[in-house]
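S.K.: Structure below; questions to follow.
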Amino acid sequence: MSELEGRGRRALVVGLGLSGTSAAALLRSRGWEVIAVDSAECAAPELVSLGIEVRAPWKDPVPGVDLVVKSPGVPGEAAAVAAARAEGVPVWSEVELAARATQNPVLAITGTNGKTTTTELTAHLLRTGGLAARACGNQGTPVAGLVDDIAEGEWLVIEASSFQLEDIVDFHPRAAALLNVAPDHLDRHGSLEAYRDAKLRIFENMDREDLAIAPDGTSARTSGATMQHVDTSAGPDVAAWDAAGALHLPEHGEICRWSDVTLRGAHNRQNMMVAAALAAHVGVTTAAIADGLASFPGVRHRLEECGTALGVVFVNDSKATNPAATVAALDAYPSGVRLIAGGRAKGTSFDDLAAAARSAVEAAYLIGEAADDLASSLTAEGIVVEHAGNLEAAVAAGVRDARAGDVILLAPGCASFDQFDSFEERGDAFCRLAASYGAVVSDGS
């Protein structure tokens, strides 16, 4: 019987978002008896139709299971998960399950910020180089949902969150990258050290034929994988932009120049370094990497220009769900910013965000639960703040105050869940509001 052959075995899936729903369906397709639970009420008719037992709401242990698959949104101390571990039952993330269910080659990317852009860009570079590739994982497409829908040999480029990586066992990418580590999800992990350690697990099963990419100075446990670094001067074992604005890769020389690409901001320089290095490792040519970097259109909700009205640019960076991401957005727009920030905090300080805003932000319009804490940090730096309360009022206030040449920037520095179901919903709402004020996206002509 193969590892995932489920005849006579019983699996528990905890959490019924996209990840959990895909995991439950995959297990059922392999013959497992599946029980799927969620702490919130949900019907999940698509799972019921597959013969899966759905219990929701449900918070108690489920005895007599052979495997638990934990969704990323579920904390490890959840009763059903903790009880299973106490009984010696394996607990996997959906990414671990999916990787065991496929022979397709894997690239993996993690980090506090930039994961989605780098994942999408890496898949784009592989496709530009003639390789079949699919971006998936934490960026919205569960890997488990692709296992039976991909061609043999197609690359899976997986965005992996700390919540997914904390429950891997044998997950083994051919190449993997840690982009950066900044305070985030401390309300869940408890400390920056625990959060960093979860990220570093991406490298632990790699061997000497693999490539590991990490910021300069990072110590990662691998079984002999080649280590490349970013964020340092050009050299034989680093991916770097030189002082003249040219991107260099180890053993490949100059790839392209900063003026050749459309992404902006220092953080996107790093994202491009990493994506290029991953693509080169799997055989994409220098010319194809350069073409792909020049043609990549960017990713929705990441410094997405929603349009311009009366000389004012509306920029949707709703994916900036922690302070470090907002700092990166302000690097890309260093002056004339009308900043919309706030939402649900994650246990991190806003002081660095406020320091970065000092020279860039004309005024900040604050929304959501974290407004008071943001206001305290921002006013300490002399920044004018207005408690707008919600997104509609914040955009209206920004439009009221903005002058030609200003940028109305949604870069919340917080999660969306106090007022929206997701950062995507928040970003879509911002773009609709921008359009209501006459914002039009340039066609480039």
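By convention in this document, the chains of the structure tokens carry letters A, B, ... by their order, each chain's residues are numbered from 1, and ligands are numbered from 1 in the order they are shown.
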If we count only C-alpha atoms and set the cut-off at 6 Å, which residues sit around Val407 (chain A), ignoring sequence neighbours fewer than 2 positions away in its own chain? Please answer as a PyMOL selection string.

M.R.: chain A and resi 312-314+337-338+409

S.K.: Write out as a PyMOL selection string which residues come within 10 Å of region 22-31 of chain A when counting only C-alpha atoms, dropping same-chain ones fewer than 2 positions away.

M.R.: chain A and resi 2+4-20+33-36+46-48+50-53+69-71+93-95+97-98+101+141-148

S.K.: Of the candidates A:Thr262, A:Asn316, A:Ser49, A:Asn268, which one gets nearest to Ala294 (chain A) if we count only C-alpha atoms?

M.R.: A:Thr262

S.K.: To one decimal place in Å, what is the distance between CA of Ser376 (chain A) and CA of Ala404 (chain A)?

M.R.: 28.7 Å

S.K.: Residues of region 168-287 of chain A in alpha helix (DSSP H) according to DSSP, as JSON, numbers by chain?

M.R.: {"A": [186, 187, 188, 189, 192, 193, 194, 195, 196, 197, 198, 199, 200, 266, 267, 268, 269, 270, 271, 272, 273, 274, 275, 276, 277, 278, 279, 280, 281, 286, 287]}

S.K.: Using only C-alpha atoms, can you tell me which of A:Leu192, A:Ala276, A:Asn205, A:Glu152 comes closest to Leu165 (chain A)?

M.R.: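 Distance minimum relative to Leu165 (chain A) lands on A:Asn205.
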
S.K.: Any idea what's packed within 12 Å of Asp428 (chain A), counting only C-alpha atoms, ignoring anything in its chain fewer than 3 positions away? Could you give it as a ChimeraX atom specification?

M.R.: /A:300-302,304-306,315-319,391,410,420-425,431-435

S.K.: Create the file for the chosen residues now, containing C-alpha atoms and written as an mmCIF file, in the first residue's frame.

M.R.:
data_model
loop_
_atom_site.group_PDB
_atom_site.id
_atom_site.type_symbol
_atom_site.label_atom_id
_atom_site.label_comp_id
_atom_site.auth_asym_id
_atom_site.auth_seq_id
_atom_site.Cartn_x
_atom_site.Cartn_y
_atom_site.Cartn_z
ATOM 1 C CA ARG A 300 -2.723 42.460 -7.945
ATOM 2 C CA HIS A 301 -2.844 44.218 -4.566
ATOM 3 C CA ARG A 302 0.950 44.696 -4.545
ATOM 4 C CA GLU A 304 -1.016 48.074 -8.006
ATOM 5 C CA GLU A 305 -1.754 51.428 -9.614
ATOM 6 C CA CYS A 306 -5.544 51.568 -9.780
ATOM 7 C CA VAL A 315 -2.068 52.794 -5.408
ATOM 8 C CA ASN A 316 -3.460 49.570 -3.950
ATOM 9 C CA ASP A 317 -0.953 47.782 -1.714
ATOM 10 C CA SER A 318 -3.557 45.956 0.347
ATOM 11 C CA LYS A 319 -1.158 43.007 0.653
ATOM 12 C CA LEU A 391 -11.940 52.737 3.966
ATOM 13 C CA LEU A 410 -3.449 51.989 0.632
ATOM 14 C CA PHE A 420 -12.961 42.726 5.377
ATOM 15 C CA ASP A 421 -12.813 38.990 4.763
ATOM 16 C CA SER A 422 -9.424 39.234 3.033
ATOM 17 C CA PHE A 423 -6.790 41.667 1.826
ATOM 18 C CA GLU A 424 -8.084 41.015 -1.705
ATOM 19 C CA GLU A 425 -11.561 42.213 -0.752
ATOM 20 C CA CYS A 431 -9.919 50.236 -6.490
ATOM 21 C CA ARG A 432 -13.691 50.639 -6.825
ATOM 22 C CA LEU A 433 -13.544 53.771 -4.685
ATOM 23 C CA ALA A 434 -10.696 55.119 -6.822
ATOM 24 C CA ALA A 435 -12.785 54.528 -9.944
#

S.K.: Would you list the contacts of Ala371 (chain A) as an MDAnalysis selection string, taking every protein, DNA or RNA residue within 8 Å and counting only C-alpha atoms, but skipping same-chain residues closer than 3 positions in sequence?

M.R.: chainID A and resid 341:343 366:368 374:375 387 389

S.K.: Contacts of Asn138 (chain A) at 8 Å or less, counting only C-alpha atoms, minus same-chain residues fewer than 4 places along, as a PyMOL selection string?

M.R.: chain A and resi 116+142+158-161

S.K.: What does the distance between CA of Leu179 (chain A) and CA of Val106 (chain A) come to in Å, to one decimal place?

M.R.: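 That distance, rounded to one decimal, is 17.1 Å.
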
S.K.: Rank A:Met272, A:Ala43, A:Ala429, A:Ala394 by their smallest atom-to-atom distance to Glu120 (chain A), using only C-alpha atoms, and report the top residue only.

M.R.: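 For Glu120 (chain A), the nearest of the given residues is A:Met272.
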